[in-house]
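Student: Structure provided below as structure tokens; questions to follow.
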2 protein chains.
Amino acid sequence: MEKIVNLAKRRGFTFQSSEIYGGLNSCWDYGPLGVELKRNVKNAWWRDMVQGRDDIVGIDCSILMHPRVWEASGHLAGFTDPLIDCRVCKGRFRADHIADAQCPLKPSKAPGQHDKCDLTEARNFNLMFKTFMGPVEESASVVYLRPETAQGIFVNFKNVLTTARTKIPFGIAQTGKSFRNEITPGNFLFRTREFEQMEMEFFVKPGDDDRWFDYWVNARLEWYVGLGIRRDKLRLRPHAADELAHYAKGCSDVEYEFPIGWSELEGIANRTDFDLKAHSEHSGKDLSFFDEETRERFVPYVIEPAAGADRATLAFLVDAYDEDVVDGEARTVLRLHPQLAPIKAAVFPLLRKEGQPEKAEKIYSALRPHFAVDYDQAGAIGRRYRRQDEIGTPFGITVDHQTMTDDTVTLRERDSMQQTRLPIDRLIGELAQRLATPWSR
Amino acid sequence: MEKIVNLAKRRGFTFQSSEIYGGLNSCWDYGPLGVELKRNVKNAWWRDMVQGRDDIVGIDCSILMHPRVWEASGHLAGFTDPLIDCRVCKGRFRADHIADAQCPLKPSKAPGQHDKCDLTEARNFNLMFKTFMGPVEESASVVYLRPETAQGIFVNFKNVLTTARTKIPFGIAQTGKSFRNEITPGNFLFRTREFEQMEMEFFVKPGDDDRWFDYWVNARLEWYVGLGIRRDKLRLRPHAADELAHYAKGCSDVEYEFPIGWSELEGIANRTDFDLKAHSEHSGKDLSFFDEETRERFVPYVIEPAAGADRATLAFLVDAYDEDVVDGEARTVLRLHPQLAPIKAAVFPLLRKEGQPEKAEKIYSALRPHFAVDYDQAGAIGRRYRRQDEIGTPFGITVDHQTMTDDTVTLRERDSMQQTRLPIDRLIGELAQRLATPWSR
């Protein structure tokens, strides 16, 4: 993981938030390459989950919501972690993790050794960030930063139903920031207090829910494979009955083998009719669906694939990271799916003479309206290839002596390092075709 | 404005946040059409400000930042509004707006009549939303929701400079949510407490700043014209010396003539070296730039075009809204730029027989991978055209009796309502070409 964090920092994928002030614990900023990578991840999700489907529409809700939303959803009462303090070492531990926690006063001791500690009883801390709307801090004006995007979808269920002329089964999808005041955030982008979700709530007829649950569990795992994650690094982990949230009938995690071990990448849950019924009761608004064809009225069940944009970005980075040896030299390469790569192609003049830089810049300008491209003329050509390999650029285009005589260039492929010679005027078509070709490692 | 709000609600552009709980004051959710419209606005900005340029890179910073950022930027001390309370009517007014404010107890009286009121002295209220990071509410853990995205750019200036190998002049761009605890939000999407910014900080050599300021003022006005806003509804308003923020050398607003009058759509400011110097002093980190060519070291000046994604979306909606009469019937039409339209084309079978629906669905499926398209077979063809006109769909494709014999369809243009007959297999090319054609009203 350290290698990934270093590369991410060195090449401008991620920086620690407010770094010049010593950083803000577990908050990260995306740099010039990171913002494009994350955009590509989110756009791929939106394309596959919304724009490419007839049965799912999008929505974008505000982060600040009416506090009664969290009363109805159960977050106000139940979205808590049990916390234990030590009066001696001032350590603060999650009660359910204390057996693995290190005493700050005894860092040399094995985790779980708290014999010198004076521990408090466990107290429940709500994980929602609280703030105050309006200029005065009265309890009436307390609002919360949403801890999940899902509830914005549930409270808009009827609005979407009436305006988008949708029929069960259908889904509502949303990407956006959520906030959880985690006691123990960490592991780089894996668990952060501010994070971006990609959630979809799929509304089905009760009785059809098991079938749709299976469908989405499978579809979501395949989504990662389709974007280049190695299949043997992914697995499904169905939750045992005693792990399930009280409202869930079933849940399965898509897990990825991160450097920290197998960990949740995405959860697919059968939330039943819990949320719609809860909001219906609390708001007094009817959130049932009337099926015109069968003349039946019912409260739909909900299948929810909930992914994290930051966690997915991390998985794509980790899975892409590779080191190999080229001509006796160590090479770091990000084997990113071409669709996710921040830069699709880099244009190089082999030499800084003979008009090669001018020619290369002309090619660069011609490609720019079509693809995210880079131009680099600094240093030996081998070093320039390495710089692009390291950030996952799938194609390198080199202008050389021959280019100046016959208007052909070499097209180098990042992974195989194979070079093809082709005319400049075929470059756009060739790149477009290669970028559209299904790809896997 | 009311017509726009109604249309937006009826067709699923926007809903009031948490509506089933009575709504949350001035917070809005984007529905299925609104989310696509706003995405198109943001993507156009990103394309024109980042991806289409050599001299600007993107970034994406966290909303929660280290509190010292706001100490250095001056927000903690100075980002306030003066507030006056009335002990009788319990009204709360911005001191600088009290002359226009209505007394809640005397709604029939003219604004500014507070003779029965018992007003407090003006007190300063900070407009930043405050929250607490970590499980316990101690002053040490107070953090703020960012009131602007700009500061995330300034504190990352050095990080971007070193990793992206950029040279002055260059810019860093960011889109994302900001939060301001406005005392008097309102006017639909125009002033909301949670809003999305599109900000770019352009770093230049002191002395070059006036030239770049003029460049960006002009470029930003033209951006709206290029996306279809009528030129006579836009104007520039340079700030008078006494309006300028204390750090600004110059500022000019791009104003749009909203139904509420001429109002700020975007501000372009010359922020000088204020921010970089402030962060340099507060953090102890050197934020100057060394010019390799001239061997000079300096703290760059900053030109900032700061736009609002929600406000821009509102302007595009307002400007597009039109009513005309077609065949003696009133028609509502959104004359949105085709690039911004949530749906690019709708496919209709003229009749629900003769295999026309099947043919139309086949065309719909063929277009879907290339464009955002809709399919509609419900009701009279005239009504279906109206439904699409009202949401700004620029093209309608109709399958009719003739289609079944010669595989041609009619392509109808939203604004001129002109219909062209063309072969089905030329549809993709024709739509692509028309969507790429420069467009204005």
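By order in the structure tokens, chains are A, B, ...; within a chain, residues start at 1; ligands start at 1, following the order shown.
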When the cut-off is 6 Å and we count only C-alpha atoms, which residues of chain B are near chain A, given as a PyMOL selection string?
Tutor: chain B and resi 11-12+18+20-21+24+29-32+35+57-62+66+130-131+134+163+181+283
Student: Going by DSSP on the backbone, which residues of stretch 364-441 of chain B come out as strand (DSSP E or B)? List them as an mmCIF file with C-alpha atoms, in the first residue's frame.
Tutor:
data_model
loop_
_atom_site.group_PDB
_atom_site.id
_atom_site.type_symbol
_atom_site.label_atom_id
_atom_site.label_comp_id
_atom_site.auth_asym_id
_atom_site.auth_seq_id
_atom_site.Cartn_x
_atom_site.Cartn_y
_atom_site.Cartn_z
ATOM 1 C CA VAL B 373 -32.612 9.101 -26.341
ATOM 2 C CA ASP B 374 -36.190 8.595 -25.258
ATOM 3 C CA TYR B 375 -39.010 6.428 -26.605
ATOM 4 C CA PHE B 395 -34.885 16.231 -32.266
ATOM 5 C CA GLY B 396 -37.886 14.018 -32.813
ATOM 6 C CA ILE B 397 -37.760 10.896 -34.983
ATOM 7 C CA THR B 398 -41.057 9.531 -36.235
ATOM 8 C CA VAL B 399 -41.757 6.122 -37.701
ATOM 9 C CA THR B 408 -37.039 6.250 -43.983
ATOM 10 C CA VAL B 409 -38.145 8.349 -40.997
ATOM 11 C CA THR B 410 -38.915 11.991 -40.394
ATOM 12 C CA LEU B 411 -36.495 14.032 -38.330
ATOM 13 C CA ARG B 412 -38.199 16.996 -36.672
ATOM 14 C CA GLU B 413 -36.291 19.956 -35.286
ATOM 15 C CA GLN B 419 -39.249 17.937 -40.768
ATOM 16 C CA THR B 420 -36.730 16.186 -42.989
ATOM 17 C CA ARG B 421 -37.148 12.717 -44.377
ATOM 18 C CA LEU B 422 -34.056 10.522 -44.269
ATOM 19 C CA PRO B 423 -33.031 6.859 -44.342
#
Student: Which residues come within 12 Å of B:Thr437, counting only C-alpha atoms, excluding same-chain residues fewer than 2 positions away, as a list in words?
Tutor: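 Contacts, in chain order: Gly226, Leu227, His337, Pro338, Gln339, Glu430, Leu431, Ala432, Gln433, Arg434, Leu435, Trp439 and Ser440 of chain B.
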Student: Determine which residues of stretch 59-171 of chain A DSSP labels as helix (DSSP H, G or I) from the backbone of this structure, then write them out as a ChimeraX atom specification.
Tutor: /A:67-73,75-78,95-100,139-141,150-155,157-163
Student: Just the selected residues (N, CA and C atoms), exported as a compact mmCIF listing (two decimals), in the first residue's frame, please.
Tutor:
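File written: out35.txt
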# COMPACT_ATOMS: atom_id res chain seq x y z
N PRO A 67 -34.02 16.97 9.20
CA PRO A 67 -33.64 16.02 10.25
C PRO A 67 -34.62 14.86 10.43
N ARG A 68 -35.87 15.06 10.04
CA ARG A 68 -36.84 13.97 10.23
C ARG A 68 -36.54 12.79 9.32
N VAL A 69 -35.79 13.05 8.22
CA VAL A 69 -35.37 11.95 7.35
C VAL A 69 -34.58 10.92 8.16
N TRP A 70 -33.70 11.43 9.03
CA TRP A 70 -32.80 10.53 9.79
C TRP A 70 -33.49 9.92 11.00
N GLU A 71 -34.58 10.55 11.41
CA GLU A 71 -35.44 9.97 12.44
C GLU A 71 -36.13 8.74 11.84
N ALA A 72 -36.70 8.94 10.65
CA ALA A 72 -37.44 7.85 10.00
C ALA A 72 -36.51 6.71 9.60
N SER A 73 -35.35 7.04 9.11
CA SER A 73 -34.45 6.00 8.58
C SER A 73 -33.81 5.19 9.70
N HIS A 75 -31.31 6.40 11.55
CA HIS A 75 -29.92 6.83 11.77
C HIS A 75 -29.75 7.63 13.06
N LEU A 76 -30.77 8.44 13.39
CA LEU A 76 -30.64 9.29 14.57
C LEU A 76 -30.54 8.43 15.83
N ALA A 77 -31.30 7.35 15.88
CA ALA A 77 -31.28 6.51 17.07
C ALA A 77 -30.19 5.45 16.99
N GLY A 78 -29.95 4.94 15.81
CA GLY A 78 -29.16 3.71 15.76
C GLY A 78 -27.85 3.73 15.00
N ALA A 95 -15.46 -0.20 21.08
CA ALA A 95 -15.62 -1.31 22.01
C ALA A 95 -15.46 -2.66 21.31
N ASP A 96 -15.96 -2.73 20.07
CA ASP A 96 -15.90 -4.01 19.38
C ASP A 96 -14.53 -4.26 18.74
N HIS A 97 -13.62 -3.29 18.85
CA HIS A 97 -12.28 -3.48 18.29
C HIS A 97 -11.20 -3.44 19.36
N ILE A 98 -11.60 -3.38 20.64
CA ILE A 98 -10.60 -3.11 21.68
C ILE A 98 -9.61 -4.25 21.82
N ALA A 99 -10.04 -5.43 21.47
CA ALA A 99 -9.15 -6.58 21.58
C ALA A 99 -7.97 -6.48 20.60
N ASP A 100 -8.17 -5.69 19.51
CA ASP A 100 -7.10 -5.54 18.52
C ASP A 100 -6.40 -4.19 18.65
N SER A 139 -31.51 24.14 18.92
CA SER A 139 -31.68 22.72 18.62
C SER A 139 -32.64 22.56 17.44
N ALA A 140 -33.55 23.51 17.28
CA ALA A 140 -34.52 23.44 16.18
C ALA A 140 -33.82 23.48 14.84
N SER A 141 -32.61 24.07 14.78
CA SER A 141 -31.96 24.24 13.48
C SER A 141 -30.87 23.22 13.24
N ALA A 150 -28.56 7.13 -0.11
CA ALA A 150 -29.76 6.33 -0.35
C ALA A 150 -31.05 7.02 0.10
N GLN A 151 -31.02 7.67 1.28
CA GLN A 151 -32.27 8.22 1.81
C GLN A 151 -32.84 9.34 0.92
N GLY A 152 -31.95 10.07 0.24
CA GLY A 152 -32.44 11.08 -0.70
C GLY A 152 -33.26 10.45 -1.81
N ILE A 153 -32.90 9.24 -2.18
CA ILE A 153 -33.65 8.50 -3.20
C ILE A 153 -35.01 8.08 -2.66
N PHE A 154 -35.03 7.54 -1.44
CA PHE A 154 -36.31 7.06 -0.89
C PHE A 154 -37.32 8.19 -0.73
N VAL A 155 -36.86 9.33 -0.20
CA VAL A 155 -37.83 10.41 0.03
C VAL A 155 -38.30 11.03 -1.30
N PHE A 157 -38.95 9.07 -3.96
CA PHE A 157 -39.52 7.96 -4.73
C PHE A 157 -40.77 8.38 -5.50
N LYS A 158 -41.70 9.02 -4.79
CA LYS A 158 -42.96 9.40 -5.43
C LYS A 158 -42.75 10.47 -6.50
N ASN A 159 -41.88 11.44 -6.21
CA ASN A 159 -41.57 12.49 -7.19
C ASN A 159 -41.06 11.89 -8.50
N VAL A 160 -40.17 10.93 -8.39
CA VAL A 160 -39.60 10.32 -9.60
C VAL A 160 -40.67 9.50 -10.31
N LEU A 161 -41.44 8.76 -9.52
CA LEU A 161 -42.47 7.91 -10.08
C LEU A 161 -43.44 8.72 -10.95
N THR A 162 -43.85 9.87 -10.45
CA THR A 162 -44.84 10.67 -11.19
C THR A 162 -44.22 11.42 -12.36
N THR A 163 -43.00 11.93 -12.21
CA THR A 163 -42.46 12.78 -13.27
C THR A 163 -41.76 11.99 -14.36
Student: Tell me, in Å to one decimal, how far atom CA of A:Ala378 is from atom CA of A:Leu351.
Tutor: 9.6 Å
Student: Would you kindly return, as a PyMOL selection string, each protein, DNA or RNA residue with an atom no farther than 10 Å from any atom of B:Ala307, considering only C-alpha atoms and excluding same-chain residues fewer than 3 positions away?
Tutor: chain B and resi 45+175+196-200+220+253-254+264-268+304+310-312
Student: Please list as a list in words every residue within 12 Å of B:Val225, counting only C-alpha atoms and excluding residues in the same chain fewer than 4 positions away.
Tutor: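 The neighbour list is Asn218, Ala219, Arg220, Leu221, Ile229, Arg230, Arg231, Asp232, Lys233, Leu234, Arg235, Val254, Tyr256, Ala315, Phe316, Asp319, His337, Pro438, Trp439, Ser440 and Arg441 of chain B.
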Student: Keeping only N, CA, C and O atoms, write the selected residues as a CSV table (one decimal), in the first residue's frame.
Tutor:
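So the final result, stored in selection-v6.csv, reads:
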chain,number,residue,atom,x,y,z
B,218,ASN,N,-13.7,38.4,-20.6
B,218,ASN,CA,-14.3,38.2,-22.0
B,218,ASN,C,-14.6,36.7,-22.2
B,218,ASN,O,-15.6,36.3,-22.7
B,219,ALA,N,-13.6,35.8,-21.9
B,219,ALA,CA,-13.8,34.4,-22.2
B,219,ALA,C,-15.0,33.8,-21.5
B,219,ALA,O,-15.7,33.0,-22.0
B,220,ARG,N,-15.2,34.2,-20.3
B,220,ARG,CA,-16.3,33.7,-19.5
B,220,ARG,C,-17.6,34.2,-20.0
B,220,ARG,O,-18.6,33.4,-20.0
B,221,LEU,N,-17.7,35.4,-20.4
B,221,LEU,CA,-19.0,35.9,-21.0
B,221,LEU,C,-19.3,35.1,-22.2
B,221,LEU,O,-20.4,34.6,-22.4
B,229,ILE,N,-27.0,31.1,-24.5
B,229,ILE,CA,-27.7,32.2,-23.8
B,229,ILE,C,-27.7,33.4,-24.8
B,229,ILE,O,-26.7,33.7,-25.4
B,230,ARG,N,-28.8,34.1,-24.8
B,230,ARG,CA,-28.9,35.3,-25.7
B,230,ARG,C,-28.0,36.4,-25.2
B,230,ARG,O,-28.0,36.8,-24.1
B,231,ARG,N,-27.2,36.9,-26.2
B,231,ARG,CA,-26.2,37.9,-25.8
B,231,ARG,C,-26.8,39.2,-25.1
B,231,ARG,O,-26.2,39.7,-24.2
B,232,ASP,N,-28.0,39.5,-25.6
B,232,ASP,CA,-28.6,40.8,-25.0
B,232,ASP,C,-29.2,40.5,-23.6
B,232,ASP,O,-29.6,41.5,-22.9
B,233,LYS,N,-29.1,39.3,-23.1
B,233,LYS,CA,-29.5,39.0,-21.7
B,233,LYS,C,-28.3,38.9,-20.8
B,233,LYS,O,-28.4,38.6,-19.6
B,234,LEU,N,-27.1,39.2,-21.4
B,234,LEU,CA,-25.9,39.1,-20.6
B,234,LEU,C,-25.2,40.5,-20.6
B,234,LEU,O,-25.3,41.2,-21.6
B,235,ARG,N,-24.6,40.9,-19.5
B,235,ARG,CA,-23.8,42.1,-19.5
B,235,ARG,C,-22.7,41.9,-18.4
B,235,ARG,O,-22.7,41.1,-17.6
B,254,VAL,N,-20.2,38.8,-14.5
B,254,VAL,CA,-21.1,38.5,-15.7
B,254,VAL,C,-22.5,38.4,-15.1
B,254,VAL,O,-22.8,37.6,-14.2
B,256,TYR,N,-26.7,38.2,-15.7
B,256,TYR,CA,-27.8,37.7,-16.5
B,256,TYR,C,-29.1,38.4,-16.1
B,256,TYR,O,-29.3,38.6,-14.9
B,315,ALA,N,-29.9,29.8,-15.1
B,315,ALA,CA,-29.9,30.7,-16.2
B,315,ALA,C,-30.2,30.0,-17.6
B,315,ALA,O,-30.9,30.5,-18.4
B,316,PHE,N,-29.6,28.8,-17.7
B,316,PHE,CA,-29.9,28.1,-19.0
B,316,PHE,C,-31.3,27.7,-19.1
B,316,PHE,O,-31.9,27.8,-20.2
B,319,ASP,N,-33.4,31.1,-19.7
B,319,ASP,CA,-33.2,31.7,-21.0
B,319,ASP,C,-33.8,30.8,-22.1
B,319,ASP,O,-34.2,31.3,-23.1
B,337,HIS,N,-29.6,24.7,-25.6
B,337,HIS,CA,-28.6,24.3,-26.6
B,337,HIS,C,-28.6,22.8,-26.6
B,337,HIS,O,-28.6,22.1,-25.6
B,438,PRO,N,-22.3,24.4,-34.4
B,438,PRO,CA,-22.5,25.6,-33.6
B,438,PRO,C,-24.0,26.0,-33.6
B,438,PRO,O,-24.6,26.0,-34.6
B,439,TRP,N,-24.5,26.5,-32.4
B,439,TRP,CA,-25.9,26.7,-32.3
B,439,TRP,C,-26.1,28.0,-31.5
B,439,TRP,O,-25.4,28.3,-30.5
B,440,SER,N,-27.0,28.8,-31.9
B,440,SER,CA,-27.4,30.0,-31.1
B,440,SER,C,-28.9,30.3,-31.4
B,440,SER,O,-29.4,29.9,-32.4
B,441,ARG,N,-29.5,31.1,-30.6
B,441,ARG,CA,-30.9,31.5,-30.8
B,441,ARG,C,-31.0,32.7,-31.7
B,441,ARG,O,-30.2,33.6,-31.6
Student: Pick the closest to A:Gly207 from A:Ala360, A:Val318, A:Ala436, A:Val299: which is it, counting only C-alpha atoms?
Tutor: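 Ranked by minimum distance to A:Gly207, first place goes to A:Val299.
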Student: Please provide the set of residues having any atom within 10 Å of B:Ile391, restricted to only C-alpha atoms, with same-chain residues fewer than 4 positions apart removed, written as a list in words.
Tutor: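 Near neighbours after the sequence-gap exclusion: Leu7, Ala8, Arg11, Gly12, Phe13, Leu33, Gly34, Leu317, Ala320, Tyr321, Thr332, Val333, Leu334, Arg335, Leu336, Ala341, Pro342, Ile343, Arg386 and Arg387 of chain B.
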Student: Those selected residues, please, written with N, CA and C atoms and delivered as a short mmCIF file (atom, residue, chain, number, x, y, z; two decimals), in the first residue's frame.
Tutor:
data_model
loop_
_atom_site.label_atom_id
_atom_site.label_comp_id
_atom_site.auth_asym_id
_atom_site.auth_seq_id
_atom_site.Cartn_x
_atom_site.Cartn_y
_atom_site.Cartn_z
N LEU B 7 -42.64 24.14 -14.04
CA LEU B 7 -42.20 23.21 -15.08
C LEU B 7 -41.12 22.28 -14.53
N ALA B 8 -40.18 22.87 -13.79
CA ALA B 8 -39.06 22.09 -13.24
C ALA B 8 -39.57 20.99 -12.32
N ARG B 11 -41.88 18.27 -14.50
CA ARG B 11 -41.17 17.37 -15.40
C ARG B 11 -39.94 16.73 -14.78
N GLY B 12 -39.69 16.97 -13.50
CA GLY B 12 -38.58 16.27 -12.85
C GLY B 12 -37.22 16.87 -13.08
N PHE B 13 -37.16 18.20 -13.21
CA PHE B 13 -35.85 18.84 -13.19
C PHE B 13 -35.38 19.04 -11.75
N LEU B 33 -34.33 14.55 -15.05
CA LEU B 33 -33.92 15.44 -16.14
C LEU B 33 -32.93 16.50 -15.64
N GLY B 34 -33.16 16.99 -14.43
CA GLY B 34 -32.29 18.03 -13.88
C GLY B 34 -30.86 17.56 -13.69
N LEU B 317 -31.95 27.34 -17.97
CA LEU B 317 -33.38 27.01 -17.96
C LEU B 317 -34.22 28.24 -18.27
N ALA B 320 -33.88 29.50 -21.79
CA ALA B 320 -34.43 28.58 -22.79
C ALA B 320 -35.95 28.59 -22.80
N TYR B 321 -36.55 29.00 -21.68
CA TYR B 321 -38.01 28.91 -21.55
C TYR B 321 -38.70 29.83 -22.55
N THR B 332 -45.27 25.18 -24.90
CA THR B 332 -44.15 25.55 -24.06
C THR B 332 -42.93 24.82 -24.60
N VAL B 333 -41.85 25.56 -24.78
CA VAL B 333 -40.65 24.94 -25.34
C VAL B 333 -39.41 25.44 -24.62
N LEU B 334 -38.53 24.50 -24.29
CA LEU B 334 -37.23 24.88 -23.74
C LEU B 334 -36.24 24.89 -24.89
N ARG B 335 -35.79 26.10 -25.27
CA ARG B 335 -34.85 26.20 -26.38
C ARG B 335 -33.42 26.03 -25.87
N LEU B 336 -33.18 24.87 -25.25
CA LEU B 336 -31.85 24.56 -24.72
C LEU B 336 -30.87 24.29 -25.84
N ALA B 341 -29.13 19.84 -23.61
CA ALA B 341 -30.42 19.16 -23.48
C ALA B 341 -30.25 17.79 -22.83
N PRO B 342 -31.07 17.48 -21.81
CA PRO B 342 -30.94 16.18 -21.13
C PRO B 342 -31.15 15.01 -22.09
N ILE B 343 -32.08 15.17 -23.03
CA ILE B 343 -32.35 14.12 -24.01
C ILE B 343 -32.13 14.71 -25.39
N ARG B 386 -45.07 17.83 -27.99
CA ARG B 386 -45.14 18.88 -26.95
C ARG B 386 -44.38 18.46 -25.70
N ARG B 387 -44.57 17.18 -25.32
CA ARG B 387 -43.88 16.69 -24.11
C ARG B 387 -42.37 16.83 -24.25
#
Student: Could you please determine the separation between atom CA of A:Ala278 and atom CA of A:Ala248 in Å, to one decimal place?
Tutor: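 For atom CA of A:Ala278 relative to atom CA of A:Ala248, the distance reads 13.6 Å.
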Student: Could you jot down the atom CA of A:Asp55 to atom CA of A:Glu293 separation for me, Å, one decimal place?
Tutor: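 We find that atom CA of A:Asp55 and atom CA of A:Glu293 lie 17.6 Å from each other.
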Student: Would you please work out which residue, of B:Gln377, B:Ser263, B:Gln418, B:Gln102, is nearest to B:Pro394 when using only C-alpha atoms?
Tutor: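 Between B:Gln377, B:Ser263, B:Gln418, B:Gln102, the residue approaching B:Pro394 most closely is B:Gln418.
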Student: For stretch 84-86 of chain B, list every protein, DNA or RNA residue within 9 Å, evaluated using only C-alpha atoms, and leave out those in the same chain fewer than 2 positions away; present the list as a list of chain:residue names.
Tutor: B:Pro82, B:Val88, B:Cys89, B:Lys90, B:Gly91, B:Arg92, B:Phe93, B:Arg94, B:Ala95, B:Ile98, B:Cys117, B:Asp118, B:Leu119, B:Thr120, B:Glu121, B:Ala122, B:Arg123
